[in-house]
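Working notes, beginning with the structure itself.
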Amino acid sequence: MSLELRAAAVALQTIVVKEVRRFMRIWPQTLLPPAITMALYFVIFGNLIGSRIGEMGGFDYMQYIVPGLIMMSVITNSYSNVVSSFFSTKFQRSIEELMVAPVSAHVILVGFVVGGVLRGLAVGFIVTLLSLFFTKLSVHHLGLTALVVLLTATVFALGGFINAVYARSFDDISIIPTFVLTPLTYLGGVFYSIDLLPEFWQNVSLINPILHMVNAFRFGILGVSDISIGIALGMMLLAVVLLYGFAWRLLVTGTGMRQ
Amino acid sequence: MTTALRISGLQKTYANGFTALKGIDLAVQEGDFFALLGPNGAGKSTTIGILSSLVTKSAGKVEVFGHDLDADLIGVKRCLGVVPQEFNFNQFEKAFDILVTQAGYYGIPAKEAAQRAEKYLKQLGLWDKRDVPTRMLSGGMKRRLMIARALIHEPRLLILDEPTAGVDIELRRSMWTFLTELNQQGVTIILTTHYLEEAEQLCRNIAIIDHGQIAEHTSMRELLKKLHVETFVLDIAQELTSLPTLNGYQASLLDAHSVEVQVEKEQGMTALFTQLAEQGIEVLSLRNKTNRLEELFVSLVEKNLQENRA
């Protein structure tokens with residue numbers, strides 16, 4: 001390995017370790033709240049209301065919503081980890097530590113995105129463990145499940161990064177999660193199959209990218225989906241490439257960071 | 001001798017239309033201890049911002065030890081350590097972690113990074129505070145932490161933007177000693193400061209920047225030669241009721257034991273002491289009334305201002 005590559009590997013490892021240490025250090029803010037929220041979803045929607053709903057997509061309601069709730073945790077946490085971490089770095093001006101160092105834009109971006117993906121996966125794992133107290137889960141396609149969760153976490157970690165680059169205040173980092181991500185997730189087939197909707201709203205729902213992600217993940221676990229898995233995977237890959245290119249460009253031009 | 005820093009025709013106009021640098025030229029030789037002085041808003045921090053790639057230049061060329069800022073940014077960054085004016089580290093992290101992380105950004109493996117962090121924290125008297133969250137450190141400690149952080153990759157050129165601002169006298173002196181030793185070890189140092197005494201004491205060469213232009217770029221000795229008149233205050237042993245006769249000197253009685261005398265460079269002080277001795281007046285001590293560099297600085301900046309107005 002050349003000296004330059006070795007230095008880049010050390011820098012990348014440094015950023016990832018720093019990011020993981022950050023969300024582990026503040027676990028009551030990062031890991032605990034999604035666990036409590038999801039446990040409440042399992043109790044209220046799964047047990048109390050779900051028992052009256054009956055089957056959905058051939059599975060009992062609790063089994064049906066578990067994949068969606070896991071994905072909801074992964075989406076929210078991978079996004080919020082990067083948006084809050086990178087914005088705080090900008091806010092405290094410690095971003096300058098990175099900017100004066102010989103670290104490439106690729107290393108910075110990959111480092112923060114891996115940090116976000118790891119938090120998304122950590123929370124997803126916790127929520128999966130919690131769900132086992134309420135229902136039985138058997139994974140239908142392990143490889144596909146892993147690929148979908150990884151791609152989804154990457155897409156939203158990149159989204160969080162772009163949000164943080166443009167954010168000028170702490171309000172700016174909560175607007176997208178509150179007014180865009182949450183509605184799209186709730187309307188993204190987490191709690192219901194789009195077969196229940198009138199045809200017009202079914203077609204409208206297909207515009208929602210989160211619907212494709214949730215359904216691809218649900219297919220990986222349960223083997224049922226409202227959408228084409230190929231389209232979902234293609235869309236996620238395209239989103240990763242486009243968002244990565246855009247985020248990299250923002251870093252290279254120093255948008256929001258360099259005068 | 002190698003040129004540590006060469007700046008030619010450097011210009012910066014910000015998005016709001018303000019031109020901070022109007023084409024400055026500057027050269028700093030390897031091993032120099034160089035002062036960059038100027039009033040607030042003169043363009044010092046913009047220059048440092050461009051060197052540390054936090055500010056994008058509008059035009060001009062910058063080379064650090066032969067590495068071109070445009071063609072070989074990584075090479076420039078490896079040679080350069082920057083201590084900014086404002087604190088810019090995570091206030092929730094520990095001092096030790098900040099240094100190890102910074103070393104990691106430069107590709108220094110964790111074990112070596114920890115050894116270097118220990119070395120610099122000890123040298124700067126912060127080892128006892130290594131596990132304290134940095135928000136708990138005093139202002140002086142935070143400044144020393146930023147110096148340690150800038151040195152962690154052992155740069156050949158260290159740039160300090162007002163490193164002793166808000167630091168008490170004792171600590172300032174210990175930082176001067178540290179920086180002098182560092183310079184003796186071969187590190188080229190560029191310093192901006194508001195304490196002109198600091199520049200006079202530490203630096204061999206100097207540039208004065210004002211309104212985005214270099215008003216003076218010379219050695220400290222040459223610059224101080226330009227000062228024609230110096231004002232001294234003499235402490236007299238006897239109680240004086242009137243001003244002693246001092247032919248050729250402009251003098252005034254400040255109080256019964258203090259005489260203020262203006263001495264022109266070509267006059268010297270021998271004749272002054274001879275005249276006082278002839279009158280039986282014993283001088284206990286003497287001191288400069290004003291900082292010499294400060295006088296020069298003010299006159300140069302005023303001259304520049306008048307030229308700009310004209």
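Labeling convention for the structure tokens: chains A, B, ... as they appear, residues from 1 per chain, ligands from 1 in order of appearance.
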Quiz item: range 22-30 of chain B: which residues within 8 Å, counting only C-alpha atoms, same-chain residues fewer than 4 positions away excluded, as a list in words?
Solution: Met1, Thr2, Thr3, Ala4, Leu5, Arg6, Ile7, Ser8, Gly9, Leu10, Gln11, Lys12, Phe34, Ala59, Gly60, Gly186, Val187, Thr188, Ala207, Gly212, Gln213, Ile214 and His217 of chain B
Self-check item: chain B contacts to chain A at 6 Å (only C-alpha atoms) as a PyMOL selection string
Solution: chain B and resi 52+54-55+74+77+88-90+104-105+107
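Minimum atom-to-atom distance to Phe112 in chain A, evaluated using only C-alpha atoms, belongs to A:Val83 out of A:Met71, A:Val83, A:Ile229, A:Leu211.
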Practice problem: as a ChimeraX atom specification, list the residues of range 139-288 of chain B assigned to helix (DSSP H, G or I) by DSSP on the backbone atoms of this structure. | Solution: /B:139-151,169-184,196-202,220-225,270-278
For those residues, write C-alpha atoms to a file as a short mmCIF file (atom, residue, chain, number, x, y, z; two decimals), in the first residue's frame.
data_model
loop_
_atom_site.label_atom_id
_atom_site.label_comp_id
_atom_site.auth_asym_id
_atom_site.auth_seq_id
_atom_site.Cartn_x
_atom_site.Cartn_y
_atom_site.Cartn_z
CA GLY B 139 -8.38 30.40 27.93
CA GLY B 140 -4.60 30.06 28.19
CA MET B 141 -4.82 26.27 28.29
CA LYS B 142 -7.07 26.26 25.24
CA ARG B 143 -4.52 28.37 23.34
CA ARG B 144 -1.72 25.98 24.31
CA LEU B 145 -3.88 23.06 23.23
CA MET B 146 -4.27 24.64 19.79
CA ILE B 147 -0.48 25.02 19.57
CA ALA B 148 -0.05 21.33 20.52
CA ARG B 149 -2.63 20.37 17.92
CA ALA B 150 -0.88 22.41 15.22
CA LEU B 151 2.42 20.68 16.03
CA ILE B 169 1.96 37.87 31.24
CA GLU B 170 3.59 34.84 32.88
CA LEU B 171 2.03 32.43 30.45
CA ARG B 172 2.81 34.72 27.52
CA ARG B 173 6.50 34.68 28.49
CA SER B 174 6.51 30.88 28.78
CA MET B 175 4.90 30.65 25.33
CA TRP B 176 7.59 32.96 23.94
CA THR B 177 10.26 30.67 25.37
CA PHE B 178 8.54 27.63 23.88
CA LEU B 179 8.21 29.25 20.44
CA THR B 180 11.82 30.46 20.49
CA GLU B 181 13.03 26.92 21.26
CA LEU B 182 10.83 25.55 18.51
CA ASN B 183 12.30 28.06 16.06
CA GLN B 184 15.83 27.12 17.17
CA LEU B 196 4.11 44.74 19.22
CA GLU B 197 6.60 44.13 22.00
CA GLU B 198 6.11 40.43 21.26
CA ALA B 199 7.04 40.89 17.60
CA GLU B 200 10.04 43.06 18.48
CA GLN B 201 11.31 40.52 20.97
CA LEU B 202 10.74 37.33 18.96
CA MET B 220 13.18 44.05 12.30
CA ARG B 221 16.56 45.75 12.62
CA GLU B 222 16.08 47.77 9.42
CA LEU B 223 12.60 48.75 10.46
CA LEU B 224 13.70 49.98 13.86
CA LYS B 225 16.49 52.00 12.23
CA THR B 270 26.70 59.94 26.13
CA ALA B 271 26.37 63.73 26.02
CA LEU B 272 23.14 63.52 27.99
CA PHE B 273 24.73 61.56 30.83
CA THR B 274 27.82 63.77 30.78
CA GLN B 275 25.70 66.90 31.20
CA LEU B 276 23.72 65.37 34.04
CA ALA B 277 26.90 64.17 35.80
CA GLU B 278 28.40 67.69 35.51
#
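Using only C-alpha atoms, the contacts of range 243-246 of chain A at a cut-off of 9 Å, with sequence neighbours closer than 3 positions omitted, comprise Leu109, Val155, Leu158, Gly159, Ile162, Leu238, Ala239, Val240, Arg249, Leu250 and Leu251 of chain A.
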